[in-house]
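> Okay, here's the structure, questions in a sec.
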Amino acid sequence: MDKRVFAAINLPSEIRAEIEAVLFEAEPSWRGIITPRILDRENWHITMGFFGNRSEAEIGLIKEAIEETASAFAEPEIKLRKMIFGPIHGKEARMIWLEVESKDLENVKKSFDQNLEKRGLNLENKGFSPHITLARFQPVNFDRLPALENKIDLVFRAKSLDLMESILSSKGSVYGLISEIDFGGVK
């Protein structure tokens, strides 16, 4: 049976707690303008590739590509510095994001894409704009939104590159871990 799958970097619980505190602190700035639905903090992640519905055979190939990629890299350093409204292209925002800075992660992504290509796989969306979606809301023109100026200075090392399933429900997507593949390479 097909599954809707993606590859992701999941966040350590202590980082999730710190993000939640920053999000709570920023809430007064948008009150009355938007009513965001904060995503379950267990669902916060950095998407490394979204595949859509895939067969068991394709999921096996995706897992192989993840394993090959993760084995070639040490745990990538990831910096979270800025909360923004997204997506960043267009006139309307509909999400609250944390921007991700990481040269390490860019290298992991490049390798992952190459490992997928070797197996004849492609992503639904090849662009890479690393971020963490924290909340969703009804579309609003950017010019109506406040500047988000809350200070964020979070740094962590990603432990694994994970294969995830996305199950659609009336309350939004629910994510489940299919496979957790630890980074193990040497820098």
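Residues in the structure tokens are numbered from 1 in each chain, the chains being A, B, ... in the order shown, and ligands are numbered from 1 in the order shown.
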Tell me, as a ChimeraX atom specification, which residues lie within 7 Å of Leu11 in chain A, counting only C-alpha atoms; anything in the same chain fewer than 4 positions away does not count.

/A:15-16,44-45

> Restrict the selected residues to C-alpha atoms and save them as a PDB file, in the first residue's frame.


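Here's the written file selection14.pdb:
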```pdb
ATOM      1  CA  ILE A  15      15.148  22.741  21.260  1.00  0.00           C
ATOM      2  CA  ARG A  16      11.389  22.282  20.801  1.00  0.00           C
ATOM      3  CA  TRP A  44       8.218  20.442  14.049  1.00  0.00           C
ATOM      4  CA  HIS A  45      10.975  19.355  11.662  1.00  0.00           C
TER       5      HIS A  45
END
```

> Tell me, which residues of range 1-132 of chain A carry DSSP strand (DSSP E or B), written as an MDAnalysis selection string?

chainID A and resid 3:10 37:38 45:54 77:86 92:101 131:132

> Grab the residues selected above and save them as a PDB file, in the first residue's frame with C-alpha atoms.


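The file below, selection-v3.pdb, is the result:
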```pdb
ATOM      1  CA  LYS A   3       2.358   5.860   1.852  1.00  0.00           C
ATOM      2  CA  ARG A   4       2.813   9.634   1.766  1.00  0.00           C
ATOM      3  CA  VAL A   5       6.449  10.069   2.797  1.00  0.00           C
ATOM      4  CA  PHE A   6       9.167  12.650   3.356  1.00  0.00           C
ATOM      5  CA  ALA A   7      12.709  12.852   4.717  1.00  0.00           C
ATOM      6  CA  ALA A   8      13.309  15.132   7.681  1.00  0.00           C
ATOM      7  CA  ILE A   9      15.579  16.305  10.434  1.00  0.00           C
ATOM      8  CA  ASN A  10      13.590  16.023  13.664  1.00  0.00           C
ATOM      9  CA  ARG A  37      -3.021  27.150  14.528  1.00  0.00           C
ATOM     10  CA  ILE A  38       0.184  26.165  16.270  1.00  0.00           C
ATOM     11  CA  HIS A  45      10.975  19.355  11.662  1.00  0.00           C
ATOM     12  CA  ILE A  46      13.175  20.439   8.763  1.00  0.00           C
ATOM     13  CA  THR A  47      11.985  18.838   5.525  1.00  0.00           C
ATOM     14  CA  MET A  48      14.864  17.446   3.489  1.00  0.00           C
ATOM     15  CA  GLY A  49      12.651  16.084   0.728  1.00  0.00           C
ATOM     16  CA  PHE A  50       8.948  15.469   0.148  1.00  0.00           C
ATOM     17  CA  PHE A  51       8.006  12.485  -2.021  1.00  0.00           C
ATOM     18  CA  GLY A  52       4.213  12.312  -1.890  1.00  0.00           C
ATOM     19  CA  ASN A  53       2.560   8.901  -2.235  1.00  0.00           C
ATOM     20  CA  ARG A  54       5.086   6.132  -2.868  1.00  0.00           C
ATOM     21  CA  GLU A  77      25.271  21.810  12.917  1.00  0.00           C
ATOM     22  CA  ILE A  78      21.996  23.717  12.611  1.00  0.00           C
ATOM     23  CA  LYS A  79      21.380  27.320  13.686  1.00  0.00           C
ATOM     24  CA  LEU A  80      17.961  28.855  14.292  1.00  0.00           C
ATOM     25  CA  ARG A  81      18.208  32.640  14.269  1.00  0.00           C
ATOM     26  CA  LYS A  82      15.023  34.203  12.928  1.00  0.00           C
ATOM     27  CA  MET A  83      11.241  33.739  13.095  1.00  0.00           C
ATOM     28  CA  ILE A  84       9.453  34.891   9.937  1.00  0.00           C
ATOM     29  CA  PHE A  85       6.125  34.709   8.161  1.00  0.00           C
ATOM     30  CA  GLY A  86       6.144  32.418   5.149  1.00  0.00           C
ATOM     31  CA  GLU A  92       0.460  36.519   1.214  1.00  0.00           C
ATOM     32  CA  ALA A  93       1.774  34.696   4.236  1.00  0.00           C
ATOM     33  CA  ARG A  94       0.051  31.672   5.737  1.00  0.00           C
ATOM     34  CA  MET A  95       2.655  30.228   8.089  1.00  0.00           C
ATOM     35  CA  ILE A  96       5.048  31.091  10.873  1.00  0.00           C
ATOM     36  CA  TRP A  97       8.505  29.723  10.151  1.00  0.00           C
ATOM     37  CA  LEU A  98      11.894  29.519  11.795  1.00  0.00           C
ATOM     38  CA  GLU A  99      14.649  30.079   9.282  1.00  0.00           C
ATOM     39  CA  VAL A 100      17.430  27.507   9.359  1.00  0.00           C
ATOM     40  CA  GLU A 101      21.092  28.368   8.758  1.00  0.00           C
ATOM     41  CA  HIS A 131      12.858  26.141   7.667  1.00  0.00           C
ATOM     42  CA  ILE A 132      10.647  24.803  10.424  1.00  0.00           C
TER      43      ILE A 132
END
```

> Using 12 Å as the limit and counting only C-alpha atoms, can you tabulate each residue of range 87-158 of chain A that touches range 57-66 of chain A, with its shortest atom-to-atom distance in Å and the two atoms involved, as a Markdown table?


```
| residue | atom | partner | partner_atom | distance |
| --- | --- | --- | --- | --- |
| A:Val108 | CA | A:Ile66 | CA | 9.9 |
| A:Lys109 | CA | A:Ile66 | CA | 10.2 |
| A:Lys110 | CA | A:Ala65 | CA | 11.8 |
| A:Ser111 | CA | A:Ala65 | CA | 9.1 |
| A:Phe112 | CA | A:Ala65 | CA | 6.5 |
| A:Asp113 | CA | A:Ala65 | CA | 8.5 |
| A:Gln114 | CA | A:Ala65 | CA | 8.6 |
| A:Asn115 | CA | A:Ala65 | CA | 5.1 |
| A:Leu116 | CA | A:Ala65 | CA | 5.6 |
| A:Glu117 | CA | A:Ala65 | CA | 9.0 |
| A:Lys118 | CA | A:Ala65 | CA | 8.6 |
| A:Arg119 | CA | A:Leu61 | CA | 6.7 |
| A:Gly120 | CA | A:Leu61 | CA | 8.9 |
| A:Leu121 | CA | A:Ile62 | CA | 7.7 |
| A:Asn122 | CA | A:Ile62 | CA | 9.7 |
| A:Leu123 | CA | A:Ile62 | CA | 10.3 |
```

> Restricting it to C-alpha atoms, dump the selection as a PDB file, in the first residue's frame.


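As written to disk, again-v3.pdb reads:
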```pdb
ATOM      1  CA  VAL A 108      23.704  16.864   3.230  1.00  0.00           C
ATOM      2  CA  LYS A 109      20.828  17.949   0.964  1.00  0.00           C
ATOM      3  CA  LYS A 110      23.050  18.015  -2.129  1.00  0.00           C
ATOM      4  CA  SER A 111      24.329  14.513  -1.383  1.00  0.00           C
ATOM      5  CA  PHE A 112      20.818  13.237  -0.618  1.00  0.00           C
ATOM      6  CA  ASP A 113      19.505  14.532  -3.957  1.00  0.00           C
ATOM      7  CA  GLN A 114      22.390  12.811  -5.783  1.00  0.00           C
ATOM      8  CA  ASN A 115      21.750   9.553  -3.926  1.00  0.00           C
ATOM      9  CA  LEU A 116      18.069   9.713  -4.870  1.00  0.00           C
ATOM     10  CA  GLU A 117      18.916  10.398  -8.525  1.00  0.00           C
ATOM     11  CA  LYS A 118      21.203   7.334  -8.615  1.00  0.00           C
ATOM     12  CA  ARG A 119      18.141   5.281  -7.687  1.00  0.00           C
ATOM     13  CA  GLY A 120      15.897   6.914 -10.280  1.00  0.00           C
ATOM     14  CA  LEU A 121      13.889   8.857  -7.689  1.00  0.00           C
ATOM     15  CA  ASN A 122      12.862  12.473  -7.734  1.00  0.00           C
ATOM     16  CA  LEU A 123      11.265  14.847  -5.273  1.00  0.00           C
TER      17      LEU A 123
END
```

> Would you pick out the contacts of Gly172 in chain A at 10 Å or less, using only C-alpha atoms, so that residues sharing its chain but fewer than 5 positions from it are not included, and give the list as a PyMOL selection string?

chain A and resi 39+166-167

> For the selection you just gave me, I'd like the residues written to a file as a PDB file, in the first residue's frame, keeping N, CA and C atoms.


```pdb
ATOM      1  N   LEU A  39       1.204  24.202  15.269  1.00  0.00           N
ATOM      2  CA  LEU A  39       1.357  22.777  15.019  1.00  0.00           C
ATOM      3  C   LEU A  39       1.870  22.089  16.278  1.00  0.00           C
ATOM      4  N   SER A 166       3.436  10.901   6.381  1.00  0.00           N
ATOM      5  CA  SER A 166       2.470  11.968   6.626  1.00  0.00           C
ATOM      6  C   SER A 166       1.083  11.410   6.367  1.00  0.00           C
ATOM      7  N   ILE A 167       0.278  11.375   7.423  1.00  0.00           N
ATOM      8  CA  ILE A 167      -1.092  10.871   7.310  1.00  0.00           C
ATOM      9  C   ILE A 167      -2.033  12.064   7.413  1.00  0.00           C
TER      10      ILE A 167
END
```

> For a test of reading the model, state the distance in Å between CA of Ser170 in chain A and CA of Ile34 in chain A, rounded to one decimal.

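Separating CA of Ser170 in chain A from CA of Ile34 in chain A is a distance of 20.9 Å.
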
> Point out the residue among A:Pro76, A:Pro146, A:Gly90, A:Pro130 with the least atom-to-atom distance to Ser29 in chain A, counting only C-alpha atoms.

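Of the candidates, the smallest distance to Ser29 in chain A is held by A:Pro146.
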
> Please provide the set of residues having any atom within 8 Å of range 19-25 of chain A, restricted to only C-alpha atoms, with same-chain residues fewer than 5 positions apart removed, written as a ChimeraX atom specification.

/A:41,150-152

> Calculated over only C-alpha atoms, which of the candidates A:His89, A:Asn107, A:Pro12, A:Glu56 has the smallest distance to Ala72 in chain A?

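Counting only C-alpha atoms, the residue closest to Ala72 in chain A is A:Asn107.
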
> So which bits of chain A end up helix (DSSP H, G or I) when you DSSP the backbone, as number ranges by chain?

A: 13-30, 41-43, 56-71, 103-118, 142-144
